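This is model.cif. It holds mmCIF, C-alpha atoms and all ligand atoms.
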data_my_file
#
loop_
_atom_site.label_atom_id
_atom_site.label_comp_id
_atom_site.auth_asym_id
_atom_site.auth_seq_id
_atom_site.Cartn_x
_atom_site.Cartn_y
_atom_site.Cartn_z
CA MET V 11 -17.30 8.13 -20.55
CA LEU V 12 -20.44 8.89 -18.64
CA ARG V 13 -21.25 12.03 -16.77
CA SER V 14 -23.94 12.40 -14.21
CA VAL V 15 -26.05 15.37 -13.42
CA GLY V 16 -25.40 16.60 -9.93
CA SER V 17 -28.41 17.60 -7.87
CA PRO V 18 -28.59 19.59 -4.67
CA SER V 19 -28.35 17.33 -1.70
CA ALA V 20 -31.79 16.05 -0.83
CA VAL V 21 -30.47 13.66 1.79
CA ALA V 22 -29.84 15.85 4.76
CA GLY V 23 -27.49 14.16 7.13
CA ALA V 24 -26.63 11.26 4.84
CA SER V 25 -23.36 10.00 6.31
CA ARG V 26 -22.57 13.43 7.66
CA SER V 27 -20.12 11.82 10.02
CA PHE V 28 -17.48 12.13 7.28
CA ALA V 29 -17.98 15.90 7.02
CA PHE V 30 -15.80 18.64 8.43
CA SER V 31 -17.36 21.81 7.07
CA SER V 32 -20.14 22.55 4.60
CA ALA V 33 -18.22 25.60 3.31
CA ALA V 34 -15.29 23.48 2.18
CA PRO V 35 -13.41 24.18 -1.07
CA GLU V 36 -14.14 22.15 -4.20
CA ARG V 37 -12.25 18.87 -4.18
CA LYS V 38 -11.84 16.21 -6.83
CA VAL V 39 -11.26 12.61 -5.75
CA ALA V 40 -10.26 9.92 -8.27
CA ILE V 41 -10.61 6.20 -7.58
CA LEU V 42 -8.48 3.89 -9.77
CA GLY V 43 -9.89 0.36 -9.81
CA ALA V 44 -13.35 1.78 -9.16
CA ALA V 45 -15.31 -1.14 -10.63
CA GLY V 46 -13.75 -3.70 -8.27
CA GLY V 47 -14.82 -5.21 -4.99
CA ILE V 48 -13.34 -2.30 -3.02
CA GLY V 49 -13.76 0.36 -5.68
CA GLN V 50 -17.56 0.12 -5.83
CA PRO V 51 -18.41 0.57 -2.13
CA LEU V 52 -15.59 3.11 -1.86
CA ALA V 53 -17.17 5.08 -4.70
CA LEU V 54 -20.46 4.97 -2.80
CA LEU V 55 -18.85 6.22 0.41
CA MET V 56 -16.92 8.99 -1.32
CA LYS V 57 -20.12 10.10 -3.06
CA LEU V 58 -21.64 10.46 0.42
CA ASN V 59 -18.75 12.65 1.57
CA PRO V 60 -19.77 16.31 1.42
CA LEU V 61 -16.12 17.36 1.09
CA VAL V 62 -16.06 15.79 -2.39
CA SER V 63 -17.35 17.91 -5.26
CA ARG V 64 -16.15 15.74 -8.16
CA LEU V 65 -15.74 11.98 -8.08
CA SER V 66 -13.82 10.37 -10.90
CA LEU V 67 -14.21 6.60 -11.28
CA TYR V 68 -11.58 4.83 -13.38
CA ASP V 69 -11.07 1.17 -14.24
CA ILE V 70 -10.04 -0.93 -17.21
CA ALA V 71 -13.68 -2.04 -17.55
CA GLY V 72 -17.08 -1.61 -15.99
CA THR V 73 -16.96 1.95 -14.71
CA SER V 74 -19.82 3.29 -16.84
CA GLY V 75 -22.34 1.20 -14.92
CA VAL V 76 -20.81 1.97 -11.54
CA ALA V 77 -20.73 5.70 -12.29
CA ALA V 78 -24.34 5.69 -13.51
CA ASP V 79 -25.44 3.79 -10.42
CA VAL V 80 -23.53 5.92 -7.88
CA SER V 81 -24.49 9.17 -9.62
CA HIS V 82 -28.16 8.64 -8.73
CA ILE V 83 -27.44 9.02 -5.02
CA ASN V 84 -28.48 12.44 -3.76
CA PRO V 85 -25.34 14.08 -2.30
CA PRO V 86 -24.09 16.64 -4.79
CA ALA V 87 -20.68 15.33 -5.91
CA GLN V 88 -20.50 15.14 -9.72
CA VAL V 89 -19.68 11.58 -10.76
CA ALA V 90 -17.85 10.64 -13.94
CA GLY V 91 -16.81 7.19 -15.14
CA PHE V 92 -13.69 6.60 -17.23
CA VAL V 93 -12.73 3.34 -18.92
CA GLY V 94 -9.37 2.25 -20.31
CA GLU V 95 -5.97 3.84 -20.59
CA ASP V 96 -7.09 6.42 -23.17
CA GLN V 97 -9.30 8.02 -20.53
CA LEU V 98 -6.92 7.76 -17.59
CA GLY V 99 -5.46 11.24 -18.09
CA GLU V 100 -8.88 12.85 -18.03
CA ALA V 101 -9.87 10.79 -15.01
CA LEU V 102 -6.85 12.11 -13.11
CA LYS V 103 -6.78 15.72 -14.29
CA ASP V 104 -7.02 18.19 -11.36
CA ALA V 105 -7.49 15.44 -8.77
CA ASP V 106 -6.72 16.48 -5.19
CA VAL V 107 -6.78 12.93 -3.84
CA VAL V 108 -6.22 9.71 -5.82
CA ILE V 109 -7.20 6.42 -4.17
CA ILE V 110 -5.77 3.22 -5.71
CA PRO V 111 -7.52 -0.09 -5.03
CA ALA V 112 -6.61 -1.38 -8.54
CA GLY V 113 -5.11 -4.83 -8.64
CA VAL V 114 -5.74 -8.46 -7.82
CA PRO V 115 -6.78 -9.64 -4.35
CA ARG V 116 -5.40 -12.79 -2.77
CA LYS V 117 -6.96 -16.22 -2.46
CA PRO V 118 -6.73 -18.61 0.48
CA GLY V 119 -3.19 -19.90 0.92
CA MET V 120 -1.60 -16.81 -0.64
CA THR V 121 0.27 -14.04 1.14
CA ARG V 122 -0.06 -10.42 0.14
CA ASP V 123 3.45 -10.64 -1.31
CA ASP V 124 2.24 -13.26 -3.78
CA LEU V 125 0.33 -10.40 -5.44
CA PHE V 126 3.50 -8.44 -6.03
CA ASN V 127 4.20 -9.39 -9.64
CA ILE V 128 0.82 -8.41 -11.04
CA ASN V 129 0.06 -5.47 -8.79
CA ALA V 130 3.51 -3.90 -9.08
CA GLY V 131 2.99 -3.55 -12.83
CA ILE V 132 -0.49 -2.06 -12.38
CA VAL V 133 0.66 0.41 -9.72
CA ASN V 134 3.68 1.31 -11.82
CA SER V 135 1.57 2.33 -14.83
CA LEU V 136 -1.08 4.14 -12.76
CA CYS V 137 1.55 6.13 -10.86
CA THR V 138 3.28 7.06 -14.10
CA ALA V 139 -0.04 8.59 -15.21
CA ILE V 140 -0.50 10.34 -11.83
CA ALA V 141 2.96 11.90 -12.15
CA LYS V 142 1.91 13.24 -15.52
CA HIS V 143 -1.66 14.37 -14.95
CA CYS V 144 -2.00 15.31 -11.27
CA PRO V 145 1.52 15.45 -9.82
CA HIS V 146 0.40 17.39 -6.75
CA ALA V 147 -2.39 15.03 -5.66
CA LEU V 148 -2.32 13.08 -2.41
CA VAL V 149 -2.01 9.39 -3.33
CA ASN V 150 -3.66 6.79 -1.08
CA MET V 151 -2.33 3.32 -1.94
CA ILE V 152 -4.66 0.43 -1.12
CA SER V 153 -3.36 -2.19 -3.62
CA ASN V 154 -1.39 -4.97 -1.99
CA PRO V 155 1.24 -5.66 -0.97
CA VAL V 156 1.02 -2.12 0.43
CA ASN V 157 4.48 -2.43 2.00
CA SER V 158 5.92 -2.73 -1.50
CA THR V 159 3.43 -0.86 -3.71
CA VAL V 160 4.09 2.36 -1.77
CA SER V 161 7.81 1.96 -2.47
CA ILE V 162 7.09 1.37 -6.14
CA ALA V 163 4.96 4.51 -6.27
CA ALA V 164 7.78 6.49 -4.63
CA LYS V 165 10.21 5.13 -7.17
CA VAL V 166 7.97 6.07 -10.13
CA PHE V 167 7.40 9.59 -8.76
CA LYS V 168 11.12 10.07 -8.09
CA LYS V 169 11.91 9.03 -11.64
CA ALA V 170 9.33 11.52 -12.94
CA GLY V 171 10.69 14.25 -10.64
CA THR V 172 7.34 14.67 -8.87
CA TYR V 173 7.95 12.77 -5.63
CA ASP V 174 6.75 14.54 -2.52
CA GLU V 175 7.11 12.39 0.58
CA LYS V 176 4.31 14.38 2.20
CA LYS V 177 1.80 13.20 -0.38
CA LEU V 178 2.19 9.45 -0.62
CA PHE V 179 0.34 7.17 1.81
CA GLY V 180 -0.06 3.43 2.24
CA VAL V 181 -3.59 2.91 3.52
CA THR V 182 -3.25 0.91 6.73
CA THR V 183 -6.50 2.27 8.18
CA LEU V 184 -8.17 -1.15 8.04
CA ASP V 185 -5.69 -2.39 10.63
CA LEU V 186 -6.86 0.39 12.96
CA VAL V 187 -10.50 -0.23 12.16
CA ARG V 188 -10.01 -3.91 13.01
CA ALA V 189 -7.98 -3.20 16.12
CA LYS V 190 -10.70 -0.90 17.43
CA THR V 191 -13.50 -3.37 16.66
CA PHE V 192 -11.68 -6.34 18.21
CA TYR V 193 -10.64 -4.41 21.31
CA ALA V 194 -14.11 -2.98 21.84
CA GLY V 195 -15.59 -6.46 21.35
CA LYS V 196 -13.29 -7.94 23.95
CA THR V 197 -13.63 -5.24 26.56
CA GLY V 198 -17.25 -4.28 26.03
CA LEU V 199 -16.22 -0.64 25.59
CA PRO V 200 -18.03 1.46 22.98
CA VAL V 201 -15.86 1.45 19.85
CA SER V 202 -15.95 5.25 19.80
CA ASP V 203 -13.99 5.23 23.08
CA VAL V 204 -11.26 2.97 21.71
CA ASN V 205 -8.12 4.22 20.01
CA VAL V 206 -5.41 1.69 19.18
CA PRO V 207 -2.45 2.94 17.16
CA VAL V 208 -1.17 0.35 14.70
CA VAL V 209 2.36 0.87 13.43
CA GLY V 210 4.80 -0.88 11.09
CA GLY V 211 3.42 -2.03 7.76
CA HIS V 212 0.40 -3.84 6.29
CA ALA V 213 1.27 -7.56 6.16
CA GLY V 214 1.37 -10.23 8.84
CA ILE V 215 3.90 -9.46 11.54
CA THR V 216 4.72 -6.08 10.07
CA ILE V 217 1.29 -4.99 11.38
CA LEU V 218 1.97 -4.02 14.97
CA PRO V 219 -1.16 -3.24 16.93
CA LEU V 220 -0.42 -2.75 20.55
CA PHE V 221 -2.51 -5.60 21.86
CA SER V 222 -3.80 -8.25 19.54
CA GLN V 223 -2.69 -10.99 17.18
CA ARG V 224 -6.11 -10.90 15.60
CA THR V 225 -5.48 -7.60 13.87
CA GLN V 226 -2.39 -9.10 12.19
CA ASP V 227 -4.41 -12.02 10.89
CA GLY V 228 -7.60 -10.08 10.13
CA GLY V 229 -6.98 -10.02 6.38
CA THR V 230 -6.39 -13.77 6.24
CA GLU V 231 -9.55 -14.36 8.29
CA VAL V 232 -11.60 -12.60 5.60
CA VAL V 233 -9.72 -14.26 2.70
CA GLU V 234 -10.52 -17.66 4.18
CA ALA V 235 -14.13 -16.79 4.98
CA LYS V 236 -14.62 -15.65 1.38
CA ALA V 237 -13.15 -18.99 0.24
CA GLY V 238 -11.56 -17.87 -3.02
CA LYS V 239 -13.93 -14.99 -3.79
CA GLY V 240 -11.41 -12.31 -2.88
CA SER V 241 -10.32 -10.46 0.22
CA ALA V 242 -11.84 -7.71 2.37
CA THR V 243 -13.78 -5.20 0.29
CA LEU V 244 -16.49 -3.56 2.42
CA SER V 245 -14.37 -2.98 5.51
CA ILE V 246 -11.48 -1.59 3.46
CA ALA V 247 -13.88 0.57 1.47
CA TYR V 248 -15.00 1.98 4.81
CA ALA V 249 -11.38 2.33 5.99
CA GLY V 250 -10.30 3.88 2.68
CA ALA V 251 -13.16 6.36 2.92
CA VAL V 252 -12.23 7.26 6.50
CA PHE V 253 -8.62 7.86 5.47
CA ALA V 254 -9.52 9.84 2.35
CA ASP V 255 -11.85 11.95 4.49
CA ALA V 256 -8.96 12.68 6.87
CA CYS V 257 -6.82 13.70 3.88
CA LEU V 258 -9.54 16.05 2.61
CA LYS V 259 -10.00 17.57 6.05
CA GLY V 260 -6.25 18.11 6.29
CA LEU V 261 -6.14 19.70 2.82
CA ASN V 262 -8.97 22.02 3.87
CA GLY V 263 -7.08 23.13 6.97
CA ALA V 264 -9.00 21.31 9.72
CA PRO V 265 -6.84 21.18 12.84
CA ASP V 266 -5.48 18.09 14.62
CA ILE V 267 -6.12 15.47 11.98
CA VAL V 268 -4.06 12.44 13.02
CA GLU V 269 -4.22 9.02 11.33
CA CYS V 270 -1.94 6.00 11.30
CA THR V 271 -0.63 5.48 7.76
CA LEU V 272 2.40 4.15 5.91
CA VAL V 273 4.64 7.07 4.90
CA GLN V 274 8.27 7.89 4.27
CA SER V 275 9.64 8.19 7.75
CA SER V 276 12.76 8.57 9.83
CA ILE V 277 11.35 7.33 13.12
CA THR V 278 12.81 3.84 12.54
CA GLU V 279 15.66 2.60 10.34
CA LEU V 280 13.13 1.77 7.62
CA PRO V 281 12.46 4.24 4.82
CA PHE V 282 8.69 3.66 4.97
CA PHE V 283 6.88 2.94 8.20
CA ALA V 284 3.27 3.17 9.35
CA SER V 285 2.75 5.35 12.39
CA LYS V 286 0.67 8.25 13.60
CA VAL V 287 0.83 11.10 11.10
CA LYS V 288 -0.55 14.61 11.40
CA LEU V 289 -2.24 15.63 8.16
CA GLY V 290 -2.43 19.18 6.88
CA ARG V 291 -2.74 21.44 3.86
CA ASN V 292 0.21 19.78 2.10
CA GLY V 293 -0.40 16.20 3.16
CA VAL V 294 1.93 15.01 5.91
CA GLU V 295 2.52 17.80 8.43
CA GLU V 296 4.37 15.72 11.00
CA VAL V 297 5.26 12.07 11.53
CA LEU V 298 4.69 11.49 15.23
CA GLU V 299 7.06 9.44 17.37
CA LEU V 300 6.10 5.88 18.36
CA GLY V 301 6.04 6.67 22.06
CA SER V 302 6.93 4.09 24.68
CA LEU V 303 6.60 0.42 23.72
CA SER V 304 6.23 -2.62 25.93
CA GLU V 305 8.82 -5.42 25.65
CA TYR V 306 6.35 -7.49 23.59
CA GLU V 307 5.71 -4.60 21.26
CA LYS V 308 9.42 -3.95 20.87
CA GLN V 309 9.94 -7.58 19.89
CA GLY V 310 7.05 -7.48 17.47
CA ASN V 311 8.47 -4.33 16.04
CA LEU V 312 11.82 -5.98 15.45
CA ARG V 313 10.41 -9.02 13.71
CA GLY V 314 8.04 -6.91 11.68
CA SER V 315 10.87 -4.60 10.71
CA MET V 316 12.95 -7.51 9.47
CA GLN V 317 10.15 -8.66 7.21
CA PHE V 318 9.56 -5.12 6.14
CA CYS V 319 13.24 -4.74 5.20
CA ILE V 320 12.66 -7.56 2.77
CA CYS V 321 9.72 -5.73 1.25
CA VAL V 322 12.05 -2.83 0.67
CA GLN V 323 14.55 -5.17 -0.99
CA ILE V 324 11.72 -6.47 -3.14
CA HIS V 325 10.93 -3.04 -4.40
CA ARG V 326 14.58 -2.58 -5.33
CA LEU V 327 14.46 -5.83 -7.26
CA TYR V 328 11.37 -4.80 -9.17
CA GLY V 329 12.18 -4.93 -12.86
CA VAL V 330 14.73 -7.71 -12.70
CA CYS V 331 12.72 -10.34 -10.92
CA GLN V 332 10.23 -12.72 -12.41
CA SER V 333 8.69 -13.82 -9.17
CA ILE V 334 9.27 -13.32 -5.51
CA SER V 335 7.92 -15.02 -2.47
CA LEU V 336 8.59 -14.77 1.19
CA VAL V 337 8.87 -17.67 3.56
CA LEU V 338 9.38 -17.75 7.26
CA ASP V 339 12.03 -20.17 8.40
CA ASN V 340 12.51 -20.49 12.15
CA SER V 341 10.65 -17.20 12.37
CA LEU V 342 13.27 -15.52 10.22
CA PRO V 343 12.06 -14.14 6.93
CA MET V 344 13.68 -15.38 3.76
CA MET V 345 13.16 -14.14 0.25
CA ILE V 346 12.95 -16.48 -2.72
CA VAL V 347 13.59 -14.71 -5.97
CA VAL V 348 13.44 -15.92 -9.54
CA LEU V 349 15.24 -13.51 -11.83
CA LYS V 350 14.07 -12.66 -15.31
CA PRO V 351 16.35 -14.37 -17.83
CA GLU V 352 17.25 -11.00 -19.39
CA ALA V 353 18.44 -9.71 -16.01
CA GLY V 354 21.80 -11.31 -16.72
CA CYS V 355 23.40 -14.68 -17.19
CA TYR V 356 23.81 -16.77 -14.14
CA ILE V 357 24.39 -20.40 -13.43
CA SER V 358 21.77 -21.66 -11.07
CA ARG V 359 22.29 -24.79 -9.10
CA THR V 360 18.65 -25.13 -8.21
CA GLY V 361 16.91 -24.56 -11.51
CA ASP V 362 15.92 -20.95 -11.74
CA LEU V 363 15.46 -20.62 -8.05
CA MET V 364 17.72 -18.28 -6.19
CA ILE V 365 17.52 -17.95 -2.46
CA PHE V 366 19.18 -15.19 -0.62
CA ILE V 367 18.69 -12.56 1.98
CA SER V 368 20.55 -9.36 2.50
CA SER V 369 21.81 -10.47 5.89
CA HIS V 370 23.92 -13.39 6.98
CA HIS V 371 21.72 -16.39 6.25
CA PHE V 372 23.55 -17.50 3.13
CA PRO V 373 26.97 -15.91 3.36
CA HIS V 374 28.73 -18.37 1.08
CA LEU V 375 26.80 -18.55 -2.14
CA PRO V 376 29.08 -18.84 -5.17
CA ARG V 377 29.72 -15.62 -7.04
CA GLY V 378 32.85 -16.17 -9.05
CA ASP V 379 34.16 -12.68 -9.47
CA THR V 380 37.42 -13.48 -7.66
CA TYR V 381 38.79 -15.78 -10.37
CA LEU V 382 36.58 -15.29 -13.39
CA HIS V 383 36.04 -11.56 -12.89
CA ARG V 384 32.40 -11.96 -13.69
CA ALA V 385 29.42 -13.32 -11.86
CA THR V 386 28.80 -17.01 -12.15
CA GLY V 387 26.79 -17.78 -9.06
CA PRO V 388 23.07 -17.82 -8.51
CA LEU V 389 23.10 -14.12 -7.75
CA ASP V 390 24.22 -12.52 -10.94
CA HIS V 391 26.55 -9.59 -10.48
CA ASN V 392 24.72 -7.32 -12.93
CA ALA V 393 21.31 -8.22 -11.59
CA ALA V 394 22.43 -7.54 -8.06
CA GLN V 395 23.81 -4.18 -9.05
CA ALA V 396 20.67 -3.32 -11.01
CA ALA V 397 18.67 -4.16 -7.94
CA GLY V 398 20.90 -2.06 -5.71
CA LEU V 399 21.68 -5.09 -3.57
CA PRO V 400 24.99 -5.78 -1.84
CA LEU V 401 27.04 -8.49 -3.54
CA LEU V 402 27.30 -11.70 -1.62
CA PRO V 403 30.75 -12.88 -0.51
CA PRO V 404 32.62 -15.17 -2.96
CA TYR V 405 32.24 -18.93 -2.73
CA GLU V 406 34.74 -20.56 -0.45
N1 LIG R 1 -4.77 -1.87 2.03
C1 LIG R 1 -5.70 -2.67 2.51
O1 LIG R 1 -6.03 -2.63 3.70
C2 LIG R 1 -6.39 -3.65 1.63
C3 LIG R 1 -5.96 -3.86 0.34
N2 LIG R 1 -6.60 -4.73 -0.50
C4 LIG R 1 -6.07 -4.88 -1.86
O2 LIG R 1 -6.83 -4.07 -2.77
C5 LIG R 1 -6.70 -4.60 -4.09
C6 LIG R 1 -8.06 -4.68 -4.79
O3 LIG R 1 -8.90 -5.61 -4.15
P1 LIG R 1 -10.39 -5.88 -4.69
O4 LIG R 1 -11.09 -4.60 -4.97
O5 LIG R 1 -11.02 -6.85 -3.79
O6 LIG R 1 -10.06 -6.59 -6.08
P2 LIG R 1 -11.02 -6.71 -7.36
O7 LIG R 1 -10.40 -7.70 -8.27
O8 LIG R 1 -12.43 -6.91 -6.95
O9 LIG R 1 -10.94 -5.26 -8.02
C7 LIG R 1 -9.76 -4.77 -8.55
C8 LIG R 1 -10.13 -3.83 -9.67
O10 LIG R 1 -8.91 -3.31 -10.21
C9 LIG R 1 -9.12 -3.18 -11.60
N3 LIG R 1 -7.86 -3.06 -12.31
C10 LIG R 1 -6.97 -4.02 -12.67
N4 LIG R 1 -5.96 -3.47 -13.37
C11 LIG R 1 -6.21 -2.15 -13.45
C12 LIG R 1 -5.54 -1.06 -14.05
N5 LIG R 1 -4.40 -1.22 -14.71
N6 LIG R 1 -6.10 0.15 -13.94
C13 LIG R 1 -7.25 0.33 -13.24
N7 LIG R 1 -7.93 -0.66 -12.67
C14 LIG R 1 -7.41 -1.88 -12.78
C15 LIG R 1 -9.91 -4.43 -11.99
O11 LIG R 1 -10.53 -4.26 -13.25
C16 LIG R 1 -10.87 -4.52 -10.83
O12 LIG R 1 -12.07 -3.84 -11.11
C17 LIG R 1 -6.02 -5.96 -3.91
O13 LIG R 1 -4.66 -5.83 -4.23
C18 LIG R 1 -6.20 -6.26 -2.44
O14 LIG R 1 -5.21 -7.13 -1.94
C19 LIG R 1 -7.70 -5.42 -0.07
C20 LIG R 1 -8.17 -5.26 1.21
C21 LIG R 1 -7.53 -4.40 2.17
O1 LIG R 2 -5.64 -9.66 3.54
C1 LIG R 2 -5.75 -9.26 2.36
O2 LIG R 2 -5.34 -9.87 1.36
C2 LIG R 2 -6.43 -7.94 2.13
C3 LIG R 2 -5.94 -7.01 3.16
O3 LIG R 2 -4.91 -6.39 3.00
C4 LIG R 2 -6.66 -6.98 4.43
O4 LIG R 2 -7.81 -7.46 4.53
O5 LIG R 2 -6.09 -6.45 5.38
#

So, in terms of structure tokens, how does the structure I just supplied come out?
Ligand SMILES: NC(=O)C1=CN([C@@H]2O[C@H](COP(=O)(O)OP(=O)(O)OC[C@H]3O[C@@H](n4cnc5c(N)ncnc54)[C@H](O)[C@@H]3O)[C@@H](O)[C@H]2O)C=CC1
Ligand SMILES: O=C([O-])CC(=O)C(=O)O
Amino acid sequence: MLRSVGSPSAVAGASRSFAFSSAAPERKVAILGAAGGIGQPLALLMKLNPLVSRLSLYDIAGTSGVAADVSHINPPAQVAGFVGEDQLGEALKDADVVIIPAGVPRKPGMTRDDLFNINAGIVNSLCTAIAKHCPHALVNMISNPVNSTVSIAAKVFKKAGTYDEKKLFGVTTLDLVRAKTFYAGKTGLPVSDVNVPVVGGHAGITILPLFSQRTQDGGTEVVEAKAGKGSATLSIAYAGAVFADACLKGLNGAPDIVECTLVQSSITELPFFASKVKLGRNGVEEVLELGSLSEYEKQGNLRGSMQFCICVQIHRLYGVCQSISLVLDNSLPMMIVVLKPEAGCYISRTGDLMIFISSHHFPHLPRGDTYLHRATGPLDHNAAQAAGLPLLPPYE
């Protein structure tokens, strides 16, 4: 571990735009995955934030160098680097806000959901540690697929008895940042005059900006431009810093802090939905209504919601599945799931590949419980129950 020596701020006005008040209470922010492509510039931006008094940088490797480097910047936040699981508890202790960009980014040709298997495990173990060491912290989830990793975090916190729906956020701020930039670019308006709410989730058609396809495809645009060297890092570091700043302002009691973010919500039929949220001393103060939508937006919302439903199903399957991918068939989302062998015995007609969806796309897959009184079809009875999924109708 490496600790830096804090010095009084010699850089007057350095990135003061993130500040709310110089007489703010002491706040500790922890970044998990701090040595990565996002983690490093995010560490820099959080060091510049005068609302941060302690900055804790955690990763499985490489944080000593990042912490040493960032600690030399003048704003006064104390920086500490922590490496490896043994130091995770200390990294998290007393944190007010935990930001999680830990996990693998996608490569060209991949969807965010292709990252599920690896990142779900990472998020699972980090959230288990958060529940133990800083159960009251606000948690800002950046790791993809955000639509599912937020659900996994909720599940871990519920299991630990620490879940507070007001304190868990999927960071969708980059969608807003993009929407503002693209809209301003198109209209010639100053970006500071543009405000485009983006609702739904953070993947493809689940991202519902109110005007532009480009925001939905913004992530893919960067993935392709980086040609295998990762996904957006600098813009999401900026977006993550903007959102964390809003969280800190809310915690400190600043009035009227509203950001779009993915939270537990009852404004649609989905358990988690990104929309405008008022932030306060306890995290979420109010989830604001969507307001009126155009016909196009309503349609987008429907399609996005359908895909998002599948993300929710995925999170239920976590633990019994070996791999999951999503495909779009005639614009309808379909989930392809390969179960872990230990999830139960099942006879698969297509190797280990099982295709199903919770709705009516495949109503007649074989199941076998009518005559054999046990599952024999591709969707094993026990696995389905473990995943909390409805059983499919018997084979006819
Ligand atoms: N929410 C959003 O808007 C965005 C999300 N992302 C997502 O953020 C994630 C990170 O992206 P990058 O920083 O570019 O990836 P990266 O590979 O450059 O960095 C990830 C870091 O996570 C660390 N890590 C891995 N396992 C860990 C563990 N168990 N504990 C702590 N740290 C661990 C790695 O050592 C690495 O330093 C990806 O899943 C990416 O898809 C990326 C852009 C935007
Ligand atoms: O597209 C990706 O893989 C990373 C991401 O979430 C974004 O840039 O919005």

Might I get the box with edges along x, y and z of the file that holds all atoms of ligand LIG 2 (chain R) listed there, padded by 4 Å on every side, given as centre and edge lengths in Å to one decimal, as lines of an AutoDock Vina configuration file?
center_x = -6.4
center_y = -8.1
center_z = 3.4
size_x = 10.9
size_y = 11.5
size_z = 12.0

Requested in this report: Grab me every residue within 8 Å of ligand LIG 1 (chain R), counting only C-alpha atoms and all ligand atoms, and send it over as a VMD selection string.
Outcome: chain V and resid 42 to 49 68 to 72 94 to 95 110 to 116 122 125 129 131 to 133 135 to 136 151 to 156 180 to 185 212 229 240 to 243 245 to 246 249 to 250

Query raised in the report: Which residues, written as a PyMOL selection string, have at least one atom at most 10 Å from Pro118 of chain V, with all atoms listed in the file counted and residues fewer than 2 positions away on the same chain left out?
Result: chain V and resi 116+120-121+230-241

Query raised in the report: Which residue out of V:Gly263, V:Gly75, V:Ala194, V:Leu186 has the minimum interatomic distance to Gln226 of chain V when all atoms listed in the file are used?
Result: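 The shortest atom-to-atom distance to Gln226 of chain V comes from V:Leu186.
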
**Report entry** Non-local contacts of Ala164 of chain V (8 Å; only C-alpha atoms; under 4 positions in same chain excluded) as a PyMOL selection string
**Finding:** chain V and resi 160+168+173+175+178

Query raised in the report: Within 9 Å of (-1.4, 17.8, 4.5), only C-alpha atoms: residues as a PyMOL selection string?
Result: chain V and resi 148+176-177+257-263+288-296

Report task. Provide the atom CA of Thr172 of chain V to atom CA of Ala141 of chain V distance in Å, to one decimal place. Result -> 6.1 Å

**Report entry** Length of the atom CA of Asp124 of chain V to atom CA of Thr216 of chain V vector [Å]
**Finding:** 15.8 Å
